[in-house]
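Data block below; observations after.
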Amino acid sequence: MTPRSIPDRLHGPAHRALRSWETLLLVVAVAVFIANSFLSPYFLNAWNLSDATFNFTEKALIALPMAMLIIAGDIDLSVASILALASTAMGLVMTAGADTPLIVATGLLTGLLCGAVNGFLVAGLGLPSIVVTIGTMSLFRGIAFIVLGDKAFNGYPRDFAFFGQGYVWWVISFELVLFAACAVLYWALLHRSTFGRAVFAIGNSPTAARFSGIRVDRVRFALFLLTGVMSGLAAVCLTSRLGSTRPSIASGWELEVITMVVLGGVNILGGSGSIPGVVLAALIMGMVTFGFGLLNVPGIVMSIFLGLLLIGVIALPRLLRGK
Amino acid sequence: MNILKHREALLALVLLLTLGLIAARFPAFVRPGNLAGVLNDTAPLMILAIGQMIVILTKCIDLSVAANLALTGMVAALMNGAGVPLPLILLAVVGLGAALGAVNGLLVWKVGIPSIVVTLGTMTIFRGTIFLMTEGAWVNAHQMTDAFKALPRTVILGLPVMTWIALASVALFAVVLRRTALGRAFYAVGGNPHAAVFAGLSVGRTQFAAFVISGALAGLTGYLWVARYAVAYVDIAGGFELDVVAACVIGGIAIAGGAGTIWGAMLGALFLGVVKNALPVIGISPFWQMAISGTVIVLAVAFNTAQSRPRGRLILREAHE
């Protein structure tokens, strides 16, 4: 609650880079990598490492726009439900005989539409994003449950499998390339465009942003659209990888995505954060999950670790600074 | 017009209307016996909604209540298996629940982490802990003593003990919120934290107290839940935290803190309970329930915000007009 103190003199760029959150993440990532390669003989293998990337690519695709959304001071808890609904919509058109391009378009469009609903409720009607998206989280997945009940969609066309199972070159999967491309795109959008500056401005003070001529509600609406469409994209990848759709698909992912974003150094209260940080956090989480998997640690124990990680990474700097 | 301004009265009206609509087609639903059943089914939601409401009043949110419930419920079942007498179990679950709530509260108060992050984290940690304790094993009905299972079902004056506990909690916290310094502090801290500090209140300490209360109530519900359904495992009450938040939102508890009444939270919980119980009766697949509660949450928050939206930022509006 205390105002940020403004130092008389800033440290040099080298000093700042060394002390930055991203550097710390990089060190952690390298440490996890080394630890993993000592702990399991199966870790250092090109194909295993390539498999490991599937642990995070889909979630990280959503984490990119989520980072921007959180920087702007909002949050979207409905992303996993959007994914489920988009996957269900894809299953519906697939059953109706659609071919791959149409299935993919349906997934993206459903995501966009869900994002528009969230955006309208939050930016258009001025409702608090956290409650709205708790509601739409229930609503979107609820629709998936209404459509599917306890059944599942199977039998996606063979060429649809490429998005989640295809490789571009050797061990480099399509998903990894897609994620890398999106990461660069979002980096440019957040750190090199006026839109990105507006996002930071809104996160620091929506009122000041409005007075400086930023169309605050329009930017927030656009951010929800981005989160929606990226959840649709993640739905395409995940559905293609699993080859089936159940209404419970990707349940709990919203927490992992938010953990990823927060671990990446994005301030949960908005105003600061970076895309490279989020990418590194995604890498770390992917490698940790994969390493635990190689050591036969059950999924729920990993989730304890993720919970501790989430609280730990936020608590540690605050405790060190003496708050 | 006046009644419309009272959110609780309006909500009660909507609730009665819903009941009336259901009764028109299915009169059996509103038989006193069935309504008592609905009330009893809703008791856990009501108890948790009280705690959640207090937390929300202080500008926080507690997403770990369902995980807390599952953990304390499992501990209760294990203690029962180890032969611990029931009164001791009851004390232990409330104590453990409060302790888990205190963990949340301390992280919010002393470390200054936003409550949503803290409770997202502790939610997975609590559930994971159940797995570590049990390796995923279930505690089933035949592993529980009869006395352990019987308490929530024992009927006193026509209603089961579980219902009475819920009603007693509502009554108790209605008094606490209205008549005690702590109760008023919850409102003050959420309504205007800066003013609260100047009035000599510690915002963090008050939030801590809110989390402890929420945790203690979740602990109590943990025992009730496990005893009533006679089973304990990692995933009991999975996702229930959203129902609890939904009950508060429907009940008109302002998510920005500082506003809302316990009657609202109770009515919100009852509304969800009626919908949940009515769906199978009117022949709608239970798969609809999730989408319906989602829609109700969105509508409720839209309605609440429309009602409380400040018109402009003119401080001296009254003087101008």
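We label chains A, B, ... in the order they appear in the structure tokens, count residues from 1 in each chain, and number ligands from 1 in the order shown.
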Checklist entry - For chain B against chain A, which residues fall within 9 Å using only C-alpha atoms, given as a VMD selection string? => result chain B and resid 107 110 to 114 117 to 118 120 to 129 131 to 132 242 245 to 246 249 255 to 256 285 to 299 301 to 302 305 to 306
Next on the checklist: Residues near Gly268 of chain B, anyone? I mean within 9 Å using only C-alpha atoms, not counting same-chain ones fewer than 5 positions away, as a ChimeraX atom specification.
Outcome noted: /B:11,15,46,49,246-252,263,273
Given the selection you just returned, output its residues as a file containing all heavy atoms, formatted as a short mmCIF file (atom, residue, chain, number, x, y, z; two decimals), in the first residue's frame.
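New file selection-v4.cif:
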data_model
loop_
_atom_site.label_atom_id
_atom_site.label_comp_id
_atom_site.auth_asym_id
_atom_site.auth_seq_id
_atom_site.Cartn_x
_atom_site.Cartn_y
_atom_site.Cartn_z
N LEU B 11 -34.37 -10.79 -3.62
CA LEU B 11 -33.86 -12.14 -3.81
C LEU B 11 -34.84 -13.16 -3.23
O LEU B 11 -35.11 -14.20 -3.83
CB LEU B 11 -32.48 -12.27 -3.17
CG LEU B 11 -31.73 -13.57 -3.43
CD1 LEU B 11 -31.55 -13.79 -4.91
CD2 LEU B 11 -30.37 -13.51 -2.75
N LEU B 15 -36.71 -16.10 -5.16
CA LEU B 15 -36.66 -17.47 -4.65
C LEU B 15 -38.08 -18.05 -4.55
O LEU B 15 -38.35 -19.17 -4.99
CB LEU B 15 -35.97 -17.48 -3.29
CG LEU B 15 -35.66 -18.84 -2.68
CD1 LEU B 15 -34.73 -19.63 -3.57
CD2 LEU B 15 -35.03 -18.67 -1.30
N MET B 46 -24.52 -23.21 2.76
CA MET B 46 -24.84 -22.05 3.60
C MET B 46 -23.71 -21.75 4.58
O MET B 46 -23.29 -20.61 4.74
CB MET B 46 -26.15 -22.30 4.37
CG MET B 46 -27.39 -22.02 3.55
SD MET B 46 -28.90 -22.74 4.26
CE MET B 46 -28.92 -21.97 5.86
N ALA B 49 -20.79 -20.37 2.76
CA ALA B 49 -21.08 -19.04 2.22
C ALA B 49 -20.92 -17.97 3.30
O ALA B 49 -20.52 -16.84 3.00
CB ALA B 49 -22.48 -19.00 1.62
N ALA B 246 -20.35 -18.28 -5.84
CA ALA B 246 -21.59 -17.97 -6.56
C ALA B 246 -22.71 -17.61 -5.60
O ALA B 246 -23.44 -16.63 -5.83
CB ALA B 246 -21.99 -19.17 -7.42
N ALA B 247 -22.84 -18.37 -4.51
CA ALA B 247 -23.89 -18.07 -3.54
C ALA B 247 -23.74 -16.65 -3.02
O ALA B 247 -24.72 -15.91 -2.88
CB ALA B 247 -23.83 -19.07 -2.38
N CYS B 248 -22.49 -16.24 -2.75
CA CYS B 248 -22.25 -14.89 -2.23
C CYS B 248 -22.59 -13.84 -3.29
O CYS B 248 -23.22 -12.83 -2.98
CB CYS B 248 -20.80 -14.74 -1.80
SG CYS B 248 -20.42 -15.67 -0.32
N VAL B 249 -22.15 -14.09 -4.52
CA VAL B 249 -22.40 -13.11 -5.58
C VAL B 249 -23.91 -12.96 -5.81
O VAL B 249 -24.43 -11.85 -5.92
CB VAL B 249 -21.70 -13.54 -6.89
CG1 VAL B 249 -22.13 -12.66 -8.04
CG2 VAL B 249 -20.20 -13.48 -6.72
N ILE B 250 -24.61 -14.11 -5.86
CA ILE B 250 -26.05 -14.06 -6.04
C ILE B 250 -26.70 -13.34 -4.86
O ILE B 250 -27.66 -12.59 -5.01
CB ILE B 250 -26.63 -15.48 -6.19
CG1 ILE B 250 -26.10 -16.11 -7.48
CG2 ILE B 250 -28.15 -15.47 -6.18
CD1 ILE B 250 -26.36 -17.59 -7.58
N GLY B 251 -26.12 -13.54 -3.67
CA GLY B 251 -26.67 -12.92 -2.47
C GLY B 251 -26.35 -11.44 -2.35
O GLY B 251 -26.66 -10.82 -1.34
N GLY B 252 -25.71 -10.88 -3.37
CA GLY B 252 -25.48 -9.44 -3.36
C GLY B 252 -24.28 -8.99 -2.54
O GLY B 252 -24.15 -7.82 -2.20
N TRP B 263 -27.92 -12.43 5.35
CA TRP B 263 -29.18 -12.95 4.80
C TRP B 263 -29.07 -13.11 3.30
O TRP B 263 -29.61 -14.06 2.73
CB TRP B 263 -30.34 -12.00 5.15
CG TRP B 263 -30.31 -11.64 6.59
CD1 TRP B 263 -30.08 -10.41 7.13
CD2 TRP B 263 -30.47 -12.53 7.71
NE1 TRP B 263 -30.07 -10.49 8.49
CE2 TRP B 263 -30.32 -11.77 8.88
CE3 TRP B 263 -30.72 -13.90 7.82
CZ2 TRP B 263 -30.41 -12.32 10.15
CZ3 TRP B 263 -30.81 -14.45 9.09
CH2 TRP B 263 -30.66 -13.67 10.23
N GLY B 273 -29.34 -24.00 -4.07
CA GLY B 273 -29.79 -25.30 -3.57
C GLY B 273 -31.11 -25.70 -4.20
O GLY B 273 -31.29 -26.86 -4.60
#
Checklist entry - Asn40 of chain B: which residues within 7 Å, counting only C-alpha atoms, same-chain residues fewer than 4 positions away excluded, as an MDAnalysis selection string? => result chainID B and resid 36 162:163
How about saving the chosen residues, N, CA and C atoms kept, as a PDB file, in the first residue's frame?
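File produced: part.pdb:
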ATOM      1  N   ALA B  36     -37.568 -29.372   3.539  1.00  0.00           N
ATOM      2  CA  ALA B  36     -36.594 -29.601   4.611  1.00  0.00           C
ATOM      3  C   ALA B  36     -35.391 -30.350   4.052  1.00  0.00           C
ATOM      4  N   MET B 162     -27.560 -31.328  10.958  1.00  0.00           N
ATOM      5  CA  MET B 162     -26.791 -30.552   9.986  1.00  0.00           C
ATOM      6  C   MET B 162     -27.498 -29.241   9.655  1.00  0.00           C
ATOM      7  N   THR B 163     -28.815 -29.313   9.472  1.00  0.00           N
ATOM      8  CA  THR B 163     -29.580 -28.095   9.202  1.00  0.00           C
ATOM      9  C   THR B 163     -29.494 -27.145  10.381  1.00  0.00           C
TER      10      THR B 163
END
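One distance worth recording is that between atom CA of Asn277 of chain B and atom CA of Val231 of chain B, which is 21.0 Å.
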Item to check | DSSP-assigned helix (DSSP H, G or I) among segment 78-179 of chain A, expressed as a ChimeraX atom specification | outcome: /A:79-95,100-124,129-148,158-165,174-179
Surrounding residues of Thr239 of chain A excluding itself and chain neighbours under 6 positions, 9 Å, only C-alpha atoms, as an mmCIF file with C-alpha atoms, in the first residue's frame:
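So around-v4.cif came out as:
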data_model
loop_
_atom_site.group_PDB
_atom_site.id
_atom_site.type_symbol
_atom_site.label_atom_id
_atom_site.label_comp_id
_atom_site.auth_asym_id
_atom_site.auth_seq_id
_atom_site.Cartn_x
_atom_site.Cartn_y
_atom_site.Cartn_z
ATOM 1 C CA SER A 87 -13.127 -28.391 -28.407
ATOM 2 C CA MET A 90 -14.985 -28.639 -33.088
ATOM 3 C CA GLY A 91 -16.336 -32.079 -32.239
ATOM 4 C CA TYR A 156 -11.179 -36.586 -35.909
ATOM 5 C CA ALA A 161 -3.745 -34.843 -35.995
ATOM 6 C CA PHE A 163 -1.590 -29.761 -35.015
ATOM 7 C CA GLY A 164 -0.982 -31.730 -31.858
ATOM 8 C CA THR A 245 -13.110 -34.309 -26.745
ATOM 9 C CA ILE A 249 -10.932 -31.597 -21.039
#
Item to check | Secondary structure check, strand (DSSP E or B) residues of segment 98-227 of chain A, as a ChimeraX atom specification | outcome: /A:153-154,167-169,172-173
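Interatomic distance, atom CA of Val199 of chain A against atom CA of Leu26 of chain A: 25.2 Å.
Distance-wise, atom CA of Asn80 of chain B and atom CA of Lys149 of chain B end up 10.0 Å apart.
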Next on the checklist: Env of Thr289 of chain A: 8 Å cut, atoms = only C-alpha atoms, seq-sep filter 4 positions within chain, self excluded. Answer as a PyMOL selection string.
Outcome noted: chain A and resi 55+285+293+302
I need the chosen residues saved as a short mmCIF file (atom, residue, chain, number, x, y, z; two decimals), in the first residue's frame, with N, CA, C and O atoms.
data_model
loop_
_atom_site.label_atom_id
_atom_site.label_comp_id
_atom_site.auth_asym_id
_atom_site.auth_seq_id
_atom_site.Cartn_x
_atom_site.Cartn_y
_atom_site.Cartn_z
N ASN A 55 4.27 -30.73 -22.47
CA ASN A 55 3.75 -30.45 -21.13
C ASN A 55 3.38 -29.00 -20.95
O ASN A 55 2.64 -28.66 -20.03
N MET A 285 8.21 -24.80 -15.76
CA MET A 285 7.11 -25.65 -15.34
C MET A 285 7.04 -26.92 -16.16
O MET A 285 6.79 -28.01 -15.65
N GLY A 293 7.60 -36.52 -13.79
CA GLY A 293 6.98 -37.65 -14.49
C GLY A 293 7.98 -38.79 -14.68
O GLY A 293 7.65 -39.95 -14.46
N MET A 302 2.73 -33.31 -7.94
CA MET A 302 3.24 -32.19 -8.74
C MET A 302 2.42 -30.94 -8.48
O MET A 302 2.95 -29.84 -8.44
#
